[in-house]
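The structure appears below as structure tokens.
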Amino acid sequence: MWIGFDDAYSLKTNTSAMAIEWGIKAAMEEINNNGGVLNGRPLKLMSTDNKGLSARGKDNFVHLAGTKDLVAVLTGKFSPISVEMLPEAHRLKVPLISVWGSADPITDHEHKPSYSFRVSLKDDWGVEAMMNRLSSKYSVRQACAILPNTAWGRSAENVIRQKSGPKTIQFPVVRWYNWGDPSLKEQYKACLESRTQGLLFVGNEKEGAILVKEIAEQTQSMRIPVVAHWGAVGGTLHEMVADELSMVRVDFIQTFTFINNKRPRAIYLADWILKNNGLKSTHEIPSPVGAAHAYDTVHLLAKAIDTAKTTSPQKIRDALEKLPAFHGAVRHYVKPFTHQRHDALDKSQVLFVKLTPSGHLIPQD
């Protein structure tokens, strides 16, 4: 019995695909060692590489969904790719479960019944937490946002528009960029010229590296604090900006950390990853949110398969909405999903981390 997974494996700076795969395999091994699903059938992984391209991700989804005995497809770091897959998930009636992408439209859409689920951050509360972080930690009243011209950037902008205001934090400046832009200097200059005191940044590691380098080039008084979305630490950002990192104040949002985590399944997962990948400490595990979300997702899927008593993706979709409580690595899921709510996490999972030059993500107060 197959679980599909599609992510940008071949993007050299991306560590999310590998981390998510570790989480999937750790859960599968645990489940299979305990007798599998449906009285003894093992779970197996089938993965595809979208190379960061939406059209390829869409094709990959169709390919995976057509596999006999495939029960669901997990999707990775790039929100725009998951959004692009949605029509296919609903046409083919195969559950799409986002274990990283945070854009609201992944679960907020018009398709009924909905075949998309998420065990991950959702921008609706994630971006709001980033806004709150700017105002509470850095006392920012007037902020600037630099966003990608994609479904992910537009998702963040919607939250900013809805939740900013004179009583909390205002965003007089919102600037856009396109994937592949070689510089963000003009966007950052607009932030400085309007005298904003902090920056909300949405991007992945490549754009994150450009931004950190260009802020580090400024005189110290011109380096405003940054609260960044987590795509930037879903890769090797620390290697790209090793020299500049200490010169810029930047916090990254997360939903999970292995560090000082006492949850039994978090400890189990960390031990499995260290043992199977020759890592020395939990600090070294890259893209920890991907590993933990994926691990919990596979356990939830296994429960749905046993509840549905079949490999039929439609019946498994129905079963996901009725799952009992589950103690996961990320949280205790009282009711993982309901008919109305296809997001398994909420804002109580939010934390912020600093990135060290060695790539460790250290939780911050």
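Lettering and numbering for the structure tokens are positional, with chains as A, B, ... in the shown order, residues counted from 1 in each chain, and ligands counted from 1 in the shown order.
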Spatial neighbours of segment 100-116 of chain A, 9 Å, only C-alpha atoms, chain gap at least 4 places, as an mmCIF file with all heavy atoms, in the first residue's frame:
data_model
loop_
_atom_site.group_PDB
_atom_site.id
_atom_site.type_symbol
_atom_site.label_atom_id
_atom_site.label_comp_id
_atom_site.auth_asym_id
_atom_site.auth_seq_id
_atom_site.Cartn_x
_atom_site.Cartn_y
_atom_site.Cartn_z
ATOM 1 N N SER A 16 14.144 20.400 2.787
ATOM 2 C CA SER A 16 12.820 19.979 3.270
ATOM 3 C C SER A 16 12.443 18.590 2.770
ATOM 4 O O SER A 16 11.877 17.794 3.525
ATOM 5 C CB SER A 16 11.748 20.986 2.845
ATOM 6 O OG SER A 16 11.540 20.955 1.452
ATOM 7 N N ILE A 20 11.386 15.600 5.300
ATOM 8 C CA ILE A 20 10.026 15.045 5.242
ATOM 9 C C ILE A 20 10.094 13.543 4.983
ATOM 10 O O ILE A 20 9.389 12.760 5.619
ATOM 11 C CB ILE A 20 9.185 15.764 4.157
ATOM 12 C CG1 ILE A 20 8.897 17.210 4.598
ATOM 13 C CG2 ILE A 20 7.881 15.013 3.876
ATOM 14 C CD1 ILE A 20 8.331 18.111 3.497
ATOM 15 N N THR A 75 2.352 16.583 0.206
ATOM 16 C CA THR A 75 3.013 17.621 -0.599
ATOM 17 C C THR A 75 3.960 18.434 0.278
ATOM 18 O O THR A 75 3.757 18.547 1.490
ATOM 19 C CB THR A 75 1.988 18.550 -1.271
ATOM 20 O OG1 THR A 75 1.254 19.267 -0.278
ATOM 21 C CG2 THR A 75 1.014 17.759 -2.129
ATOM 22 N N GLY A 76 4.993 19.000 -0.362
ATOM 23 C CA GLY A 76 6.120 19.556 0.355
ATOM 24 C C GLY A 76 6.119 21.057 0.528
ATOM 25 O O GLY A 76 5.088 21.696 0.735
ATOM 26 N N LYS A 77 7.329 21.631 0.378
ATOM 27 C CA LYS A 77 7.602 22.976 0.842
ATOM 28 C C LYS A 77 6.916 24.085 0.045
ATOM 29 O O LYS A 77 6.573 25.119 0.596
ATOM 30 C CB LYS A 77 9.119 23.164 0.796
ATOM 31 C CG LYS A 77 9.605 24.511 1.237
ATOM 32 C CD LYS A 77 11.079 24.431 1.548
ATOM 33 C CE LYS A 77 11.871 25.483 0.832
ATOM 34 N NZ LYS A 77 13.295 25.370 1.071
ATOM 35 N N PHE A 78 6.722 23.877 -1.251
ATOM 36 C CA PHE A 78 6.288 24.994 -2.098
ATOM 37 C C PHE A 78 4.767 25.089 -2.190
ATOM 38 O O PHE A 78 4.117 24.342 -2.912
ATOM 39 C CB PHE A 78 6.916 24.858 -3.486
ATOM 40 C CG PHE A 78 8.427 24.986 -3.456
ATOM 41 C CD1 PHE A 78 9.228 23.864 -3.329
ATOM 42 C CD2 PHE A 78 9.031 26.231 -3.517
ATOM 43 C CE1 PHE A 78 10.611 23.980 -3.272
ATOM 44 C CE2 PHE A 78 10.414 26.358 -3.460
ATOM 45 C CZ PHE A 78 11.206 25.232 -3.339
ATOM 46 N N SER A 79 4.207 26.048 -1.456
ATOM 47 C CA SER A 79 2.747 26.253 -1.453
ATOM 48 C C SER A 79 2.139 26.384 -2.852
ATOM 49 O O SER A 79 1.092 25.798 -3.125
ATOM 50 C CB SER A 79 2.383 27.506 -0.649
ATOM 51 O OG SER A 79 2.371 27.248 0.724
ATOM 52 N N PRO A 80 2.766 27.186 -3.766
ATOM 53 C CA PRO A 80 2.132 27.349 -5.080
ATOM 54 C C PRO A 80 1.949 26.015 -5.810
ATOM 55 O O PRO A 80 0.990 25.855 -6.567
ATOM 56 C CB PRO A 80 3.115 28.260 -5.841
ATOM 57 C CG PRO A 80 3.825 29.025 -4.757
ATOM 58 C CD PRO A 80 3.960 28.054 -3.610
ATOM 59 N N ILE A 81 2.841 25.057 -5.549
ATOM 60 C CA ILE A 81 2.721 23.744 -6.208
ATOM 61 C C ILE A 81 1.524 22.988 -5.635
ATOM 62 O O ILE A 81 0.721 22.410 -6.375
ATOM 63 C CB ILE A 81 4.031 22.945 -6.075
ATOM 64 C CG1 ILE A 81 5.174 23.699 -6.775
ATOM 65 C CG2 ILE A 81 3.871 21.543 -6.667
ATOM 66 C CD1 ILE A 81 6.536 23.033 -6.702
ATOM 67 N N SER A 82 1.371 23.018 -4.307
ATOM 68 C CA SER A 82 0.209 22.351 -3.684
ATOM 69 C C SER A 82 -1.101 22.961 -4.183
ATOM 70 O O SER A 82 -2.071 22.244 -4.460
ATOM 71 C CB SER A 82 0.285 22.466 -2.158
ATOM 72 O OG SER A 82 1.413 21.773 -1.660
ATOM 73 N N VAL A 83 -1.135 24.293 -4.311
ATOM 74 C CA VAL A 83 -2.347 24.975 -4.795
ATOM 75 C C VAL A 83 -2.664 24.541 -6.229
ATOM 76 O O VAL A 83 -3.821 24.303 -6.585
ATOM 77 C CB VAL A 83 -2.180 26.511 -4.695
ATOM 78 C CG1 VAL A 83 -3.330 27.237 -5.397
ATOM 79 C CG2 VAL A 83 -2.099 26.944 -3.227
ATOM 80 N N LEU A 86 -4.476 21.158 -6.471
ATOM 81 C CA LEU A 86 -5.817 21.012 -5.891
ATOM 82 C C LEU A 86 -6.892 20.532 -6.872
ATOM 83 O O LEU A 86 -7.648 19.609 -6.555
ATOM 84 C CB LEU A 86 -6.275 22.326 -5.246
ATOM 85 C CG LEU A 86 -5.668 22.665 -3.887
ATOM 86 C CD1 LEU A 86 -6.076 24.066 -3.474
ATOM 87 C CD2 LEU A 86 -6.095 21.655 -2.833
ATOM 88 N N PRO A 87 -6.974 21.143 -8.080
ATOM 89 C CA PRO A 87 -8.019 20.670 -9.003
ATOM 90 C C PRO A 87 -7.872 19.185 -9.336
ATOM 91 O O PRO A 87 -8.870 18.474 -9.456
ATOM 92 C CB PRO A 87 -7.807 21.540 -10.254
ATOM 93 C CG PRO A 87 -7.081 22.759 -9.761
ATOM 94 C CD PRO A 87 -6.230 22.289 -8.626
ATOM 95 N N ALA A 89 -6.468 16.841 -7.373
ATOM 96 C CA ALA A 89 -6.837 16.048 -6.194
ATOM 97 C C ALA A 89 -8.347 15.843 -6.143
ATOM 98 O O ALA A 89 -8.834 14.757 -5.822
ATOM 99 C CB ALA A 89 -6.353 16.740 -4.924
ATOM 100 N N HIS A 90 -9.087 16.900 -6.512
ATOM 101 C CA HIS A 90 -10.543 16.807 -6.449
ATOM 102 C C HIS A 90 -11.128 16.093 -7.668
ATOM 103 O O HIS A 90 -12.120 15.382 -7.549
ATOM 104 C CB HIS A 90 -11.146 18.202 -6.233
ATOM 105 C CG HIS A 90 -10.844 18.716 -4.865
ATOM 106 N ND1 HIS A 90 -9.688 19.424 -4.581
ATOM 107 C CD2 HIS A 90 -11.499 18.564 -3.680
ATOM 108 C CE1 HIS A 90 -9.662 19.705 -3.282
ATOM 109 N NE2 HIS A 90 -10.743 19.200 -2.721
ATOM 110 N N LYS A 93 -10.160 12.512 -6.890
ATOM 111 C CA LYS A 93 -10.646 12.091 -5.571
ATOM 112 C C LYS A 93 -9.584 11.320 -4.779
ATOM 113 O O LYS A 93 -9.824 10.204 -4.298
ATOM 114 C CB LYS A 93 -11.942 11.278 -5.695
ATOM 115 C CG LYS A 93 -13.097 12.091 -6.287
ATOM 116 C CD LYS A 93 -14.395 11.330 -6.271
ATOM 117 C CE LYS A 93 -15.629 12.185 -6.496
ATOM 118 N NZ LYS A 93 -15.499 13.234 -7.508
ATOM 119 N N VAL A 94 -8.421 11.959 -4.660
ATOM 120 C CA VAL A 94 -7.311 11.398 -3.875
ATOM 121 C C VAL A 94 -6.864 12.457 -2.863
ATOM 122 O O VAL A 94 -6.580 13.603 -3.253
ATOM 123 C CB VAL A 94 -6.121 11.005 -4.788
ATOM 124 C CG1 VAL A 94 -4.888 10.656 -3.963
ATOM 125 C CG2 VAL A 94 -6.513 9.832 -5.676
ATOM 126 N N PRO A 95 -6.802 12.121 -1.568
ATOM 127 C CA PRO A 95 -6.404 13.123 -0.572
ATOM 128 C C PRO A 95 -5.013 13.708 -0.829
ATOM 129 O O PRO A 95 -4.061 12.974 -1.114
ATOM 130 C CB PRO A 95 -6.422 12.344 0.754
ATOM 131 C CG PRO A 95 -7.377 11.223 0.522
ATOM 132 C CD PRO A 95 -7.199 10.848 -0.930
ATOM 133 N N LEU A 96 -4.935 15.025 -0.741
ATOM 134 C CA LEU A 96 -3.667 15.764 -0.799
ATOM 135 C C LEU A 96 -3.436 16.282 0.618
ATOM 136 O O LEU A 96 -4.292 16.964 1.172
ATOM 137 C CB LEU A 96 -3.802 16.918 -1.788
ATOM 138 C CG LEU A 96 -2.664 17.929 -1.961
ATOM 139 C CD1 LEU A 96 -2.866 18.685 -3.287
ATOM 140 C CD2 LEU A 96 -2.572 18.958 -0.838
ATOM 141 N N SER A 120 0.429 21.288 9.231
ATOM 142 C CA SER A 120 1.472 22.292 9.040
ATOM 143 C C SER A 120 0.966 23.651 9.517
ATOM 144 O O SER A 120 -0.181 23.790 9.935
ATOM 145 C CB SER A 120 1.859 22.371 7.553
ATOM 146 O OG SER A 120 2.944 23.260 7.359
ATOM 147 N N LEU A 121 1.841 24.622 9.418
ATOM 148 C CA LEU A 121 1.494 26.013 9.683
ATOM 149 C C LEU A 121 0.446 26.474 8.668
ATOM 150 O O LEU A 121 0.453 26.030 7.523
ATOM 151 C CB LEU A 121 2.770 26.849 9.510
ATOM 152 C CG LEU A 121 2.741 28.332 9.792
ATOM 153 C CD1 LEU A 121 2.735 28.567 11.297
ATOM 154 C CD2 LEU A 121 4.000 28.981 9.213
ATOM 155 N N LYS A 122 -0.433 27.373 9.108
ATOM 156 C CA LYS A 122 -1.362 28.011 8.181
ATOM 157 C C LYS A 122 -1.133 29.511 8.259
ATOM 158 O O LYS A 122 -1.043 30.067 9.363
ATOM 159 C CB LYS A 122 -2.808 27.665 8.566
ATOM 160 C CG LYS A 122 -3.824 28.199 7.571
ATOM 161 C CD LYS A 122 -5.249 27.826 7.951
ATOM 162 C CE LYS A 122 -6.190 28.256 6.830
ATOM 163 N NZ LYS A 122 -7.602 28.051 7.168
ATOM 164 N N ASP A 123 -1.028 30.168 7.110
ATOM 165 C CA ASP A 123 -0.695 31.601 7.126
ATOM 166 C C ASP A 123 -1.680 32.430 7.940
ATOM 167 O O ASP A 123 -1.295 33.413 8.575
ATOM 168 C CB ASP A 123 -0.599 32.149 5.700
ATOM 169 C CG ASP A 123 0.706 31.739 5.025
ATOM 170 O OD1 ASP A 123 1.656 31.392 5.747
ATOM 171 O OD2 ASP A 123 0.769 31.752 3.781
ATOM 172 N N ASP A 124 -2.946 32.029 7.924
ATOM 173 C CA ASP A 124 -3.971 32.774 8.658
ATOM 174 C C ASP A 124 -3.527 33.082 10.094
ATOM 175 O O ASP A 124 -3.708 34.186 10.581
ATOM 176 C CB ASP A 124 -5.276 31.978 8.656
ATOM 177 C CG ASP A 124 -6.359 32.681 9.456
ATOM 178 O OD1 ASP A 124 -6.639 33.856 9.167
ATOM 179 O OD2 ASP A 124 -6.901 32.071 10.390
ATOM 180 N N GLY A 126 -0.211 31.920 11.205
ATOM 181 C CA GLY A 126 1.247 32.000 11.195
ATOM 182 C C GLY A 126 1.753 33.405 10.900
ATOM 183 O O GLY A 126 2.606 33.947 11.617
ATOM 184 N N ALA A 151 1.218 32.448 -5.038
ATOM 185 C CA ALA A 151 0.072 32.146 -4.171
ATOM 186 C C ALA A 151 0.453 32.263 -2.696
ATOM 187 O O ALA A 151 -0.373 32.643 -1.858
ATOM 188 C CB ALA A 151 -0.432 30.728 -4.459
ATOM 189 N N TRP A 152 1.716 31.944 -2.385
ATOM 190 C CA TRP A 152 2.188 32.033 -0.990
ATOM 191 C C TRP A 152 2.269 33.497 -0.541
ATOM 192 O O TRP A 152 1.783 33.865 0.525
ATOM 193 C CB TRP A 152 3.554 31.347 -0.891
ATOM 194 C CG TRP A 152 4.150 31.241 0.484
ATOM 195 C CD1 TRP A 152 3.479 31.187 1.674
ATOM 196 C CD2 TRP A 152 5.547 31.158 0.796
ATOM 197 N NE1 TRP A 152 4.380 31.074 2.713
ATOM 198 C CE2 TRP A 152 5.650 31.040 2.209
ATOM 199 C CE3 TRP A 152 6.714 31.158 0.028
ATOM 200 C CZ2 TRP A 152 6.874 30.950 2.856
ATOM 201 C CZ3 TRP A 152 7.931 31.045 0.681
ATOM 202 C CH2 TRP A 152 8.012 30.940 2.079
ATOM 203 N N GLY A 153 2.860 34.339 -1.389
ATOM 204 C CA GLY A 153 2.956 35.764 -1.068
ATOM 205 C C GLY A 153 1.591 36.414 -0.949
ATOM 206 O O GLY A 153 1.345 37.220 -0.037
ATOM 207 N N ARG A 154 0.681 36.047 -1.845
ATOM 208 C CA ARG A 154 -0.672 36.640 -1.798
ATOM 209 C C ARG A 154 -1.433 36.183 -0.547
ATOM 210 O O ARG A 154 -2.209 36.930 0.035
ATOM 211 C CB ARG A 154 -1.438 36.304 -3.080
ATOM 212 C CG ARG A 154 -0.881 37.052 -4.299
ATOM 213 C CD ARG A 154 -1.712 36.848 -5.544
ATOM 214 N NE ARG A 154 -1.566 35.522 -6.126
ATOM 215 C CZ ARG A 154 -0.558 35.149 -6.908
ATOM 216 N NH1 ARG A 154 0.421 35.993 -7.195
ATOM 217 N NH2 ARG A 154 -0.506 33.926 -7.414
ATOM 218 N N SER A 155 -1.186 34.928 -0.140
ATOM 219 C CA SER A 155 -1.792 34.414 1.085
ATOM 220 C C SER A 155 -1.337 35.250 2.279
ATOM 221 O O SER A 155 -2.143 35.666 3.126
ATOM 222 C CB SER A 155 -1.386 32.942 1.268
ATOM 223 O OG SER A 155 -1.703 32.456 2.543
ATOM 224 N N ALA A 156 -0.017 35.537 2.329
ATOM 225 C CA ALA A 156 0.523 36.363 3.424
ATOM 226 C C ALA A 156 -0.046 37.778 3.373
ATOM 227 O O ALA A 156 -0.410 38.355 4.410
ATOM 228 C CB ALA A 156 2.048 36.400 3.337
ATOM 229 N N GLY A 231 10.182 29.157 5.072
ATOM 230 C CA GLY A 231 10.784 28.599 3.856
ATOM 231 C C GLY A 231 12.288 28.832 3.817
ATOM 232 O O GLY A 231 13.053 28.008 3.321
ATOM 233 N N VAL A 289 10.684 20.814 11.193
ATOM 234 C CA VAL A 289 9.212 20.833 11.079
ATOM 235 C C VAL A 289 8.735 19.820 10.041
ATOM 236 O O VAL A 289 7.720 19.148 10.236
ATOM 237 C CB VAL A 289 8.650 22.238 10.730
ATOM 238 C CG1 VAL A 289 8.867 23.213 11.869
ATOM 239 C CG2 VAL A 289 9.219 22.782 9.431
ATOM 240 N N GLY A 290 9.470 19.695 8.940
ATOM 241 C CA GLY A 290 9.072 18.759 7.885
ATOM 242 C C GLY A 290 9.071 17.322 8.377
ATOM 243 O O GLY A 290 8.137 16.555 8.120
ATOM 244 N N HIS A 293 6.081 16.959 11.069
ATOM 245 C CA HIS A 293 4.744 16.992 10.435
ATOM 246 C C HIS A 293 4.490 15.702 9.658
ATOM 247 O O HIS A 293 3.400 15.134 9.710
ATOM 248 C CB HIS A 293 4.632 18.152 9.450
ATOM 249 C CG HIS A 293 4.685 19.503 10.070
ATOM 250 N ND1 HIS A 293 4.864 20.650 9.320
ATOM 251 C CD2 HIS A 293 4.557 19.934 11.349
ATOM 252 C CE1 HIS A 293 4.863 21.701 10.122
ATOM 253 N NE2 HIS A 293 4.692 21.295 11.357
ATOM 254 N N ALA A 294 5.494 15.263 8.891
ATOM 255 C CA ALA A 294 5.319 14.078 8.041
ATOM 256 C C ALA A 294 5.129 12.828 8.888
ATOM 257 O O ALA A 294 4.304 11.959 8.566
ATOM 258 C CB ALA A 294 6.517 13.929 7.119
ATOM 259 N N GLN A 314 -11.323 7.640 -1.389
ATOM 260 C CA GLN A 314 -12.529 8.383 -0.992
ATOM 261 C C GLN A 314 -12.963 8.031 0.427
ATOM 262 O O GLN A 314 -13.308 8.892 1.224
ATOM 263 C CB GLN A 314 -13.676 8.097 -1.974
ATOM 264 C CG GLN A 314 -13.455 8.764 -3.319
ATOM 265 C CD GLN A 314 -14.402 8.225 -4.371
ATOM 266 O OE1 GLN A 314 -14.051 7.334 -5.131
ATOM 267 N NE2 GLN A 314 -15.604 8.767 -4.432
ATOM 268 N N ARG A 317 -10.518 9.545 2.845
ATOM 269 C CA ARG A 317 -10.835 10.968 3.034
ATOM 270 C C ARG A 317 -11.896 11.129 4.117
ATOM 271 O O ARG A 317 -11.756 11.953 5.027
ATOM 272 C CB ARG A 317 -11.322 11.583 1.710
ATOM 273 C CG ARG A 317 -11.515 13.104 1.763
ATOM 274 C CD ARG A 317 -12.725 13.587 0.960
ATOM 275 N NE ARG A 317 -13.955 13.374 1.706
ATOM 276 C CZ ARG A 317 -14.453 14.247 2.586
ATOM 277 N NH1 ARG A 317 -13.859 15.391 2.841
ATOM 278 N NH2 ARG A 317 -15.563 13.960 3.246
ATOM 279 N N HIS A 339 -15.146 17.758 9.834
ATOM 280 C CA HIS A 339 -15.783 18.027 8.543
ATOM 281 C C HIS A 339 -15.514 19.473 8.105
ATOM 282 O O HIS A 339 -15.256 19.753 6.941
ATOM 283 C CB HIS A 339 -17.286 17.769 8.673
ATOM 284 C CG HIS A 339 -18.036 17.989 7.397
ATOM 285 N ND1 HIS A 339 -17.736 17.306 6.237
ATOM 286 C CD2 HIS A 339 -19.054 18.839 7.089
ATOM 287 C CE1 HIS A 339 -18.543 17.723 5.271
ATOM 288 N NE2 HIS A 339 -19.350 18.646 5.760
ATOM 289 N N ARG A 341 -13.001 21.518 9.486
ATOM 290 C CA ARG A 341 -11.607 21.954 9.680
ATOM 291 C C ARG A 341 -10.631 20.879 9.210
ATOM 292 O O ARG A 341 -10.527 19.816 9.806
ATOM 293 C CB ARG A 341 -11.368 22.281 11.173
ATOM 294 C CG ARG A 341 -9.913 22.569 11.522
ATOM 295 C CD ARG A 341 -9.712 22.832 13.001
ATOM 296 N NE ARG A 341 -10.232 21.775 13.867
ATOM 297 C CZ ARG A 341 -9.654 20.595 14.039
ATOM 298 N NH1 ARG A 341 -8.530 20.279 13.424
ATOM 299 N NH2 ARG A 341 -10.201 19.688 14.836
ATOM 300 N N HIS A 342 -9.906 21.203 8.147
ATOM 301 C CA HIS A 342 -8.925 20.266 7.597
ATOM 302 C C HIS A 342 -7.492 20.661 7.955
ATOM 303 O O HIS A 342 -6.545 20.213 7.317
ATOM 304 C CB HIS A 342 -9.096 20.128 6.080
ATOM 305 C CG HIS A 342 -10.217 19.198 5.697
ATOM 306 N ND1 HIS A 342 -10.285 18.576 4.469
ATOM 307 C CD2 HIS A 342 -11.305 18.765 6.395
ATOM 308 C CE1 HIS A 342 -11.380 17.808 4.423
ATOM 309 N NE2 HIS A 342 -12.007 17.916 5.572
ATOM 310 N N ASP A 343 -7.326 21.522 8.958
ATOM 311 C CA ASP A 343 -6.001 21.883 9.464
ATOM 312 C C ASP A 343 -5.821 21.271 10.847
ATOM 313 O O ASP A 343 -6.619 21.525 11.742
ATOM 314 C CB ASP A 343 -5.860 23.411 9.538
ATOM 315 C CG ASP A 343 -5.525 23.995 8.178
ATOM 316 O OD1 ASP A 343 -4.338 23.988 7.832
ATOM 317 O OD2 ASP A 343 -6.449 24.429 7.465
#
Worksheet item: Which residues come within 9 Å of Lys303 of chain A, counting only C-alpha atoms, excluding same-chain residues fewer than 3 positions away, as a list in words?
Response: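 Here the qualifying residues turn out to be Val37, Val298, His299, Leu300, Asp306, Thr307, Ala308, Ala319, Leu320, Leu323 and Pro324 of chain A.
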I need the residues from that last selection saved to file as a PDB file, in the first residue's frame (with C-alpha atoms), if you can.
ATOM      1  CA  VAL A  37      -2.372  -1.642   8.314  1.00  0.00           C
ATOM      2  CA  VAL A 298       1.672   9.034   8.289  1.00  0.00           C
ATOM      3  CA  HIS A 299       0.427   7.871  11.707  1.00  0.00           C
ATOM      4  CA  LEU A 300      -2.867   9.722  11.154  1.00  0.00           C
ATOM      5  CA  ASP A 306      -7.718   1.061   9.497  1.00  0.00           C
ATOM      6  CA  THR A 307     -10.885   3.065  10.249  1.00  0.00           C
ATOM      7  CA  ALA A 308     -11.965   2.963   6.585  1.00  0.00           C
ATOM      8  CA  ALA A 319     -12.166   8.577   7.767  1.00  0.00           C
ATOM      9  CA  LEU A 320      -9.623  11.412   8.169  1.00  0.00           C
ATOM     10  CA  LEU A 323     -10.135  10.276  13.581  1.00  0.00           C
ATOM     11  CA  PRO A 324      -9.865   9.774  17.338  1.00  0.00           C
TER      12      PRO A 324
END
Practice prompt. Find the residues near Ser10 of chain A: any atom within 6 Å, counting only C-alpha atoms, skip ones fewer than 2 places away on the same chain, and give them as a PyMOL selection string.
Written response: chain A and resi 8+12+51
Worksheet item: Given the choices A:Leu134, A:Leu279, A:Ile305, A:Val226, which gets closest to Leu245 of chain A if the distance is worked out from only C-alpha atoms?
Response: A:Val226
Worksheet item: Where in segment 92-267 of chain A does DSSP assign alpha helix (DSSP H), given as an NGL selection string?
Response: :A and (92 or 123-138 or 151-163 or 185-193 or 205-216 or 237-240 or 264-267)
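Of the residues listed (A:Thr255, A:Asn277, A:Ser246, A:Thr311), A:Ser246 shows the shortest atom-to-atom separation from Pro357 of chain A; distances use only C-alpha atoms.
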Discussion item. So that I can check the surroundings of Val233 of chain A, please list as an MDAnalysis selection string every protein, DNA and RNA residue that reaches within 12 Å of it, counting only C-alpha atoms and ignoring chain neighbours fewer than 5 positions away.
Written reply: chainID A and resid 13:16 77 202:209 228 238:241 250:254 285:290 352:357 359:362
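Of the listed residues (A:Gln197, A:Glu244, A:His229, A:Val119), A:Val119 comes nearest to Ala329 of chain A; the distances count only C-alpha atoms.
For Leu199 of chain A, the list of residues within 10 Å, based on only C-alpha atoms and with local chain neighbours fewer than 3 positions off taken out, reads Met130, Met131, Leu134, Val140, Gln142, Ala143, Cys144, Ala145, Ile146, Phe171, Val173, Val174, Tyr188, Cys191, Leu192, Thr196, Val202, Arg223, Ile224, Pro225, Val226, Val227, Ala228 and Val250 of chain A.
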Worksheet item: What does the distance between atom CA of Pro42 of chain A and atom CA of Phe337 of chain A come to in Å, to one decimal place?
Response: 24.3 Å
Practice prompt. Pick out the residues sitting within 8 Å of Val71 of chain A, and hand them over as a count of residues only; count only C-alpha atoms, and ignore anything fewer than 4 positions along from it in its own chain.
Written response: 10
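Atom CA of Ala65 of chain A is found 17.2 Å from atom CA of Asp318 of chain A.
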Discussion item. Which residues are close to Ser221 of chain A, i.e. within 12 Å by only C-alpha atoms, leaving aside same-chain residues fewer than 5 positions away? Reply as a ChimeraX atom specification.
Written reply: /A:192,195,197,215-216,247-249
Worksheet entry | Counting only C-alpha atoms, the residue of A:Arg118, A:His283, A:Lys213, A:His327 that sits nearest Val99 of chain A |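 Closest to Val99 of chain A of all the choices is A:Arg118.
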